[in-house]
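Below is one structure, written out as structure tokens, with a few remarks after it.
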Amino acid sequence: MGWLDANLISLLNGVALAGLLFLVAVGLSLVFGTMDVLNLAHGAVSLLGAYLGVALLDPGHGLGAYALAALVAMVCGVAAGLLLTVLTQGVRDHLRQALLTLGVALVAADLLREAFGADVRSVPPPALLDGSVDLAGQTYPTYRLWVIGASTVVGLVLYVLLERTQMGAVVRATVADRAMVEALGIRTSWVLGGVFGLGAGLASLGGLMASPVLGAQPGLDNTVLLLALVVVVIGGLGSIRGAVLGALLVGEVQTLGVSLLPEQASFLLFGAMALVLLVRPAGLLPSAFSPAVTAR
Amino acid sequence: MKRWLPMLGGIAVLLVLAALPLLLTAYPVSVASRILAFALLVVSVDLLTGLTGLPSLGQIAYFGVGAYTAGLVGIHWTSNLVVQLGCGVAVALVVAAVTGALAVRTSGVVFLMVTLAIGELTHRVADGMTLVGASNGLAGIPGPTLLPGGEPIVLVGYLYWWVLAVSVLGFTAAVIVSRSPLGRSMRAVRESPTRLAAVGQRGYAVKLVAYAFAGALAGAAGTAWAVQARFVSPGDIAFSVSALALLSVVLGGAGTLWGPVLGAAVVVLVRDWLSGYLDGHGELVLGLLFVVAVFLLPRGIAGARAWRPAVAPPSAPHSLGSIA
């Protein structure tokens, strides 16, 4: 119990970071799994959400303003996702997709820096969630508990949507065999656009929710993209459960790992990723249907 | 007659490049030095990405190993350029062979991510190691000499000629390898590993040799970088640089070697030089350029119609999807 008490805060911080990473990474994973598109503009979409927080959230705002900002972030993210769908349509080559989406990311980063400046901007949490609570004798920021709760709910909703509804079945079928779904009379391009929009919307929402914790600044897009890529490849492409597991691993390595092994902290993350990839190239929990696995 | 055209073109380009220090002022010449060193790094990325079909974000690691080795040799042992080059290439070759032994067991997206891990780990080691100046960078590299006991070279133009010599040698080595039986085996790894195995060659060995050679080239590029800047910092080997190196390959035309050199030149010119005239918006222009290139130059600068009037059949898409 002594160990748990001593490390409870780091452990919880890890879960909160995992929640934020999950929101961003799950879109990256689903878009690659369903559309076979490597979207390297994903970090920029998330940074857009963070800057929406800067623009829309004043100190001491209420839950209503927060919900409105979340809605705006979702809508802007979905719009960005649809734009990227249109752009990447017909670009099947992964390296050219990388060129295209990183090009979009560079443009977006430059425009955001022009609009919001190069300084670190902090965002206040909603007044109601601004305090801290008592957890086993230690104080912990309420907002981070909210992040853990909200991302868990989003994850569960996504899981039910994809695994338990007809809509989800169509998406999973599109991942497995696009031509067959097309033959059933379903427009797969609409399905794919929907997935891309939803994924980008969640990334933008994740960026907004992260802004009271991580702030907003140029360069955050690259950090988020790298972490999300690590989450996705550790967890396995195209799988929600994989994204959850990958996010938890990366979140804990980044917080608990840093507090337990400060000397090795900077190598832990990429060392862990290299190890996972060399032992299980398809990730820990790959989607059973994703092309990455069926091609084996 | 037609066979001589590329060679004549090459000689003409070489003459123009060699004359640059006589025509330009110091700053443009230093930008040109940076372009040449970066271009050699990009050529090493193309050897893996374009020729062998292994998209890599990790060549920056061996570039860094070469640069830091050259800097350390310069500070602690000798200012001789040839020794610095030799040591940088040798250490980069060894490090690439050891790390490559693991990396080339994978391919596709997994290879991309493993090499990303190699690049980022190297970046972080450099950022934390006091021997190489940690996050402050390795400063105080003495002026290099060409001959033992000679005068230190400080003029930007002379340094440029050295960088030019290293880059041309490296590029020539890459072209020779790509036209050798090894180069053909590397293309076979990309096109059909099964057939390569059927004719009795081991794909793993081919990939490892290609990886080690590309690592040595990146190391040579790194030594050239250290010589022209006389300073190496962890920022030189960050993720953003390795991403730009990979994008230069795609922009230039993967697998052609000379196309990626042009891609590298465009990227550095826009980011470092044009940016000064654009109020610091170089990245905006670079981003737009990438997006436009995807649609207007599907096979990169080297595949543009201006070079070859007859339209070649489109090549198969470069897919990272399969893991096996």
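Ligands are numbered from 1 in the order shown, residues from 1 within each chain, and chains are lettered A, B, ... in the order they appear in the structure tokens.
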
Give me the residues within 8 Å of segment 69-82 of chain B as a list in words, counting only C-alpha atoms and dropping any in the same chain fewer than 3 places off. Val65, Gly66, Leu85, Gly86, Cys87, Gly88, Val91, Val132, Leu138, Gly140, Ile141, Pro142, Gly143, Pro144, Thr145, Leu146, Leu147, Pro148, Pro152, Thr223, Ala226, Val227, Arg230, Phe231 and Val232 of chain B

Test item: residues at most 10 Å from segment 178-190 of chain A, only C-alpha atoms, excluding those fewer than 4 positions along its chain, as a ChimeraX atom specification: /A:34-35,85-86,89,170-174,194-196

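Of the residues listed (A:Leu145, A:Val191, A:Ala127, A:Leu102), A:Leu102 shows the shortest atom-to-atom separation from chain B; distances use only C-alpha atoms.
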
Contacts from chain B to chain A, 9 Å maximum, only C-alpha atoms: show me the residue list as a short mmCIF file (atom, residue, chain, number, x, y, z; two decimals) with C-alpha atoms, in the first residue's frame.
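The file below, selection_20.cif, is the result:
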data_model
loop_
_atom_site.label_atom_id
_atom_site.label_comp_id
_atom_site.auth_asym_id
_atom_site.auth_seq_id
_atom_site.Cartn_x
_atom_site.Cartn_y
_atom_site.Cartn_z
CA PRO B 55 10.62 4.28 -45.66
CA LEU B 102 17.06 -5.27 -35.52
CA ALA B 103 15.34 -2.64 -37.68
CA ARG B 105 13.61 -7.46 -39.56
CA THR B 106 10.51 -5.28 -40.09
CA VAL B 109 4.80 1.16 -41.36
CA VAL B 110 6.50 -0.86 -38.64
CA PHE B 111 9.93 -0.14 -40.14
CA MET B 113 8.05 3.58 -36.67
CA VAL B 114 11.11 1.57 -35.56
CA THR B 115 13.38 3.99 -37.41
CA LEU B 116 11.43 6.90 -35.88
CA ALA B 117 12.22 5.37 -32.48
CA ILE B 118 15.92 5.06 -33.41
CA GLU B 120 14.17 10.01 -31.45
CA LEU B 121 16.27 7.89 -29.04
CA ARG B 124 17.28 12.29 -26.64
CA VAL B 125 20.66 10.69 -25.90
CA GLY B 128 21.06 14.43 -22.19
CA PHE B 239 12.05 14.79 -35.59
CA SER B 240 11.19 17.80 -37.73
CA ALA B 243 10.48 14.34 -41.42
CA LEU B 246 11.77 11.97 -45.88
CA LEU B 247 9.47 14.54 -47.50
CA SER B 248 12.37 15.81 -49.64
CA VAL B 250 8.99 12.15 -51.90
CA LEU B 251 9.00 15.70 -53.28
CA HIS B 281 6.36 32.37 -43.24
CA GLY B 282 8.67 29.84 -44.90
CA GLU B 283 6.78 26.91 -43.41
CA LEU B 284 3.48 28.16 -44.81
CA VAL B 285 4.97 28.26 -48.32
CA LEU B 286 6.68 24.90 -47.78
CA GLY B 287 3.39 23.35 -46.69
CA LEU B 288 1.52 24.76 -49.70
CA LEU B 289 4.34 23.52 -51.92
CA PHE B 290 4.00 19.98 -50.53
CA VAL B 291 0.23 19.98 -51.07
CA VAL B 292 0.53 21.31 -54.61
CA ALA B 293 3.34 18.85 -55.43
CA VAL B 294 1.16 15.89 -54.45
CA PHE B 295 -1.34 16.86 -57.13
CA PRO B 298 2.65 12.63 -58.71
CA ALA B 316 2.54 0.86 -58.35
CA PRO B 317 1.62 2.88 -55.26
CA HIS B 318 4.12 2.81 -52.47
CA SER B 319 2.16 1.04 -49.78
CA LEU B 320 3.00 0.83 -46.13
CA GLY B 321 -0.11 -1.15 -45.34
CA SER B 322 1.23 -4.64 -45.22
CA ILE B 323 3.36 -5.64 -42.32
CA ALA B 324 4.60 -9.03 -43.39
#

When DSSP works through the backbone of this structure, what residues of segment 46-173 of chain A end up as alpha helix (DSSP H), shown as a PyMOL selection string? chain A and resi 46-56+63-88+94-116+142-164+166-173

Neighbours of Val94 of chain B within 9 Å (only C-alpha atoms; same-chain residues fewer than 5 positions away dropped), as a PyMOL selection string? chain B and resi 89+99+212+215-216

Just give me the gap between atom CA of Arg241 of chain A and atom CA of Pro286 of chain A in Å, one decimal is fine. 8.4 Å

Any idea what's packed within 8 Å of Val26 of chain A, counting only C-alpha atoms, ignoring anything in its chain fewer than 2 positions away? Could you give it as a PyMOL selection string? chain A and resi 22-24+28-30+199+232+239-240+243

Atoms kept (N, CA and C atoms) for selection, written as a PDB file, in the first residue's frame:
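As a result, selection38.pdb now contains:
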ATOM      1  N   PHE A  22      -5.922   9.103 -25.746  1.00  0.00           N
ATOM      2  CA  PHE A  22      -6.879   8.210 -26.392  1.00  0.00           C
ATOM      3  C   PHE A  22      -7.762   8.994 -27.357  1.00  0.00           C
ATOM      4  N   LEU A  23      -8.271  10.148 -26.881  1.00  0.00           N
ATOM      5  CA  LEU A  23      -9.171  10.942 -27.727  1.00  0.00           C
ATOM      6  C   LEU A  23      -8.496  11.307 -29.051  1.00  0.00           C
ATOM      7  N   VAL A  24      -7.198  11.667 -28.979  1.00  0.00           N
ATOM      8  CA  VAL A  24      -6.497  12.064 -30.197  1.00  0.00           C
ATOM      9  C   VAL A  24      -6.144  10.838 -31.038  1.00  0.00           C
ATOM     10  N   LEU A  28      -6.721   8.756 -35.322  1.00  0.00           N
ATOM     11  CA  LEU A  28      -5.584   8.398 -36.169  1.00  0.00           C
ATOM     12  C   LEU A  28      -5.640   6.915 -36.522  1.00  0.00           C
ATOM     13  N   SER A  29      -5.958   6.116 -35.502  1.00  0.00           N
ATOM     14  CA  SER A  29      -5.991   4.668 -35.656  1.00  0.00           C
ATOM     15  C   SER A  29      -7.121   4.234 -36.579  1.00  0.00           C
ATOM     16  N   LEU A  30      -8.329   4.797 -36.351  1.00  0.00           N
ATOM     17  CA  LEU A  30      -9.480   4.385 -37.166  1.00  0.00           C
ATOM     18  C   LEU A  30      -9.306   4.828 -38.617  1.00  0.00           C
ATOM     19  N   GLY A 199     -13.096  11.078 -36.385  1.00  0.00           N
ATOM     20  CA  GLY A 199     -11.747  10.985 -35.813  1.00  0.00           C
ATOM     21  C   GLY A 199     -11.138  12.355 -35.592  1.00  0.00           C
ATOM     22  N   VAL A 232      -0.754   4.479 -31.227  1.00  0.00           N
ATOM     23  CA  VAL A 232      -1.414   3.677 -32.251  1.00  0.00           C
ATOM     24  C   VAL A 232      -0.572   2.455 -32.628  1.00  0.00           C
ATOM     25  N   SER A 239      -7.802  -0.388 -34.078  1.00  0.00           N
ATOM     26  CA  SER A 239      -8.559  -1.033 -33.017  1.00  0.00           C
ATOM     27  C   SER A 239      -8.754  -0.082 -31.839  1.00  0.00           C
ATOM     28  N   ILE A 240     -10.002  -0.012 -31.327  1.00  0.00           N
ATOM     29  CA  ILE A 240     -10.297   0.877 -30.210  1.00  0.00           C
ATOM     30  C   ILE A 240      -9.645   0.357 -28.937  1.00  0.00           C
ATOM     31  N   ALA A 243      -6.120   1.159 -28.939  1.00  0.00           N
ATOM     32  CA  ALA A 243      -5.842   2.564 -28.639  1.00  0.00           C
ATOM     33  C   ALA A 243      -5.927   2.826 -27.141  1.00  0.00           C
TER      34      ALA A 243
END
